[in-house]
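Beneath this line is the structure, given in structure tokens, with notes to follow.
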Amino acid sequence: MMPDPAQYSIGWENVPKGRCVICSSELKDRGYYYCLKCGNVTEVEFQPLGGGPKMIQINPVLFLADARSKCCRADLEVRTRITCSEKCHKLFVRALTSQFGEFKRVVDQTTEKSYRVPTKDIIEKGLKWRDLARYPEWDNNPTQRDDNLAEGTAQ
Ligand SMILES: [Zn+2]
Ligand SMILES: [Zn+2]
């Protein structure tokens, strides 16, 4: 039987303590950010988004920003962990998806366009500003046919 995601709350307060956000056990490996130019462990520098805010906070640990390595100002590989195991990671994704919905509407502040981004991608890949355009645009005025809409034309 699958556990009900609603039973699991995410312990965001565990992140700075280096504990799993699902089961609170101590993380043996919290992971690092790696600079893709020199290959070293690095700190992150957040670049302002085209004159907009420096970063957009999606939840207490996930940010949408153009992040660069402090050492070389190059791209990063993010290998950080906030869960202790594959099992806790799955529960974490499920809990977040039930909380935020399957898709998240993310607005590109520079173009005002909004995109339909799977919550799972934001969690697992980390979302960078320049990746946004790879996602379909969020349709404000749906032109797709609504299958449930039964047009009544007859009396
Ligand atoms: Zn855990
Ligand atoms: Zn570097």
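Each chain in the structure tokens gets a letter, A, B and so on, in the order shown; residues start at 1 in every chain, and ligands are counted from 1 in the order they appear.
All residues of protein, DNA or RNA that reach within 12 Å of Ser24 (chain A), judged by only C-alpha atoms and not counting those fewer than 4 positions away in the chain, are A:Tyr8, A:Ser9, A:Ile10, A:Gly11, A:Trp12, A:Glu13, A:Asn14, A:Val15, A:Pro16, A:Lys17, A:Gly18, A:Arg19, A:Cys20, A:Ile82, A:Thr83, A:Cys84, A:Ser85, A:Cys88.
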Saved selection, atoms kept: N, CA and C atoms, as a CSV table (one decimal), in the first residue's frame:
chain,number,residue,atom,x,y,z
A,8,TYR,N,2.8,13.0,5.2
A,8,TYR,CA,4.2,13.5,5.4
A,8,TYR,C,4.3,15.0,5.3
A,9,SER,N,4.8,15.6,6.3
A,9,SER,CA,5.1,17.0,6.2
A,9,SER,C,6.6,17.2,6.0
A,10,ILE,N,6.9,18.2,5.3
A,10,ILE,CA,8.3,18.5,5.0
A,10,ILE,C,8.9,19.3,6.1
A,11,GLY,N,9.9,18.8,6.7
A,11,GLY,CA,10.5,19.6,7.8
A,11,GLY,C,11.6,20.5,7.2
A,12,TRP,N,11.2,21.7,6.7
A,12,TRP,CA,12.2,22.6,6.1
A,12,TRP,C,13.2,23.1,7.1
A,13,GLU,N,12.7,23.1,8.4
A,13,GLU,CA,13.7,23.6,9.5
A,13,GLU,C,14.9,22.6,9.6
A,14,ASN,N,14.7,21.4,9.0
A,14,ASN,CA,15.9,20.4,9.1
A,14,ASN,C,17.0,20.8,8.1
A,15,VAL,N,16.7,21.6,7.1
A,15,VAL,CA,17.7,21.9,6.1
A,15,VAL,C,19.0,22.5,6.7
A,16,PRO,N,18.9,23.6,7.4
A,16,PRO,CA,20.2,24.1,8.0
A,16,PRO,C,20.8,23.2,9.0
A,17,LYS,N,20.1,22.3,9.6
A,17,LYS,CA,20.6,21.4,10.6
A,17,LYS,C,21.3,20.1,9.9
A,18,GLY,N,21.1,20.0,8.6
A,18,GLY,CA,21.7,18.9,7.9
A,18,GLY,C,21.0,17.6,8.2
A,19,ARG,N,19.7,17.7,8.4
A,19,ARG,CA,18.9,16.5,8.6
A,19,ARG,C,17.9,16.3,7.5
A,20,CYS,N,17.5,15.1,7.3
A,20,CYS,CA,16.5,14.7,6.3
A,20,CYS,C,15.2,15.4,6.5
A,82,ILE,N,18.8,17.0,0.5
A,82,ILE,CA,18.1,17.3,1.7
A,82,ILE,C,17.2,16.1,2.2
A,83,THR,N,17.4,15.0,1.5
A,83,THR,CA,16.8,13.8,2.0
A,83,THR,C,17.9,12.7,2.2
A,84,CYS,N,17.6,11.7,3.0
A,84,CYS,CA,18.6,10.7,3.3
A,84,CYS,C,18.7,9.6,2.4
A,85,SER,N,17.6,9.3,1.6
A,85,SER,CA,17.5,8.1,0.9
A,85,SER,C,16.6,8.3,-0.3
A,88,CYS,N,13.0,8.5,0.9
A,88,CYS,CA,12.6,9.8,1.5
A,88,CYS,C,12.5,10.8,0.3
Any chance you could tabulate, as a Markdown table, the residues of chain A at most 8 Å from ligand 2 with each one's nearest atom pair and distance in Å to one decimal, using only C-alpha atoms and all ligand atoms, in chain and rising number order?
| residue | atom | partner | partner_atom_place_in_ligand_line | distance |
| --- | --- | --- | --- | --- |
| A:Tyr34 | CA | ligand 2 | 1 (Zn) | 7.8 |
| A:Cys35 | CA | ligand 2 | 1 (Zn) | 4.6 |
| A:Leu36 | CA | ligand 2 | 1 (Zn) | 6.7 |
| A:Lys37 | CA | ligand 2 | 1 (Zn) | 5.2 |
| A:Cys38 | CA | ligand 2 | 1 (Zn) | 4.1 |
| A:Gly39 | CA | ligand 2 | 1 (Zn) | 6.2 |
| A:Asn40 | CA | ligand 2 | 1 (Zn) | 5.9 |
| A:Val41 | CA | ligand 2 | 1 (Zn) | 7.9 |
| A:Thr42 | CA | ligand 2 | 1 (Zn) | 6.8 |
| A:Ser69 | CA | ligand 2 | 1 (Zn) | 6.1 |
| A:Lys70 | CA | ligand 2 | 1 (Zn) | 7.0 |
| A:Cys71 | CA | ligand 2 | 1 (Zn) | 4.3 |
| A:Cys72 | CA | ligand 2 | 1 (Zn) | 4.1 |
| A:Arg73 | CA | ligand 2 | 1 (Zn) | 6.9 |
| A:Ala74 | CA | ligand 2 | 1 (Zn) | 6.6 |
Lys113 (chain A): which residues within 10 Å, counting only C-alpha atoms, same-chain residues fewer than 5 positions away excluded, as JSON, numbers by chain? {"A": [106, 107, 108, 132, 133, 137, 138, 139]}
Let's have the selection written as an mmCIF file, in the first residue's frame, with C-alpha atoms.
data_model
loop_
_atom_site.group_PDB
_atom_site.id
_atom_site.type_symbol
_atom_site.label_atom_id
_atom_site.label_comp_id
_atom_site.auth_asym_id
_atom_site.auth_seq_id
_atom_site.Cartn_x
_atom_site.Cartn_y
_atom_site.Cartn_z
ATOM 1 C CA VAL A 106 6.885 30.523 -13.177
ATOM 2 C CA VAL A 107 7.100 34.043 -14.547
ATOM 3 C CA ASP A 108 10.149 35.271 -16.384
ATOM 4 C CA LEU A 132 12.650 28.569 -18.514
ATOM 5 C CA ALA A 133 12.131 28.991 -22.243
ATOM 6 C CA GLU A 137 4.185 28.834 -22.048
ATOM 7 C CA TRP A 138 1.417 29.020 -19.489
ATOM 8 C CA ASP A 139 -1.801 29.551 -21.394
#
My list of candidates is A:Trp129, A:Val44, A:Thr119, A:Glu26. Which is closest to Arg94 (chain A) when distances are computed with only C-alpha atoms?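 Ranking A:Trp129, A:Val44, A:Thr119, A:Glu26 by distance to Arg94 (chain A), first place goes to A:Thr119.
When only C-alpha atoms and all ligand atoms are used to measure the gap to ligand 1, the shortest distance among A:Tyr115, A:Val21, A:Arg68, A:Glu77 belongs to A:Val21.
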Long-range neighbours of Val117 (chain A) as a ChimeraX atom specification, 8 Å cut-off, only C-alpha atoms, 5 positions minimum in chain: /A:103-106,122,132,135-136
Can you write out the residues you just picked, keeping N, CA and C atoms, as a tab-separated table (two decimals), in the first residue's frame?
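Output saved as result33.tsv:
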chain	number	residue	atom	x	y	z
A	103	PHE	N	2.15	21.17	-11.65
A	103	PHE	CA	2.88	22.17	-12.42
A	103	PHE	C	2.91	23.47	-11.65
A	104	LYS	N	3.97	24.20	-11.86
A	104	LYS	CA	4.11	25.48	-11.20
A	104	LYS	C	4.21	26.54	-12.28
A	105	ARG	N	3.49	27.64	-12.04
A	105	ARG	CA	3.57	28.73	-13.00
A	105	ARG	C	4.73	29.63	-12.60
A	106	VAL	N	5.69	29.74	-13.48
A	106	VAL	CA	6.89	30.52	-13.18
A	106	VAL	C	6.99	31.67	-14.19
A	122	ILE	N	11.55	21.19	-10.91
A	122	ILE	CA	12.11	22.25	-10.06
A	122	ILE	C	12.83	21.60	-8.89
A	132	LEU	N	14.10	28.37	-18.50
A	132	LEU	CA	12.65	28.57	-18.51
A	132	LEU	C	12.03	28.41	-19.89
A	135	TYR	N	10.36	25.33	-21.44
A	135	TYR	CA	9.06	24.82	-21.03
A	135	TYR	C	7.95	25.50	-21.82
A	136	PRO	N	6.80	24.82	-21.92
A	136	PRO	CA	5.69	25.45	-22.65
A	136	PRO	C	5.19	26.68	-21.90
Which residue out of A:Thr80, A:Gln99, A:Arg134, A:Glu86 has the minimum interatomic distance to ligand 1 when only C-alpha atoms and all ligand atoms are used? A:Glu86
If we count only C-alpha atoms, what is near Arg79 (chain A) at a cut-off of 8 Å, once residues fewer than 6 positions away on the same chain are taken out, given as a count of residues only? 4
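Closest to ligand 1 among A:Arg130, A:Gln109, A:Ile123, A:Leu27 is A:Leu27, based on only C-alpha atoms and all ligand atoms.
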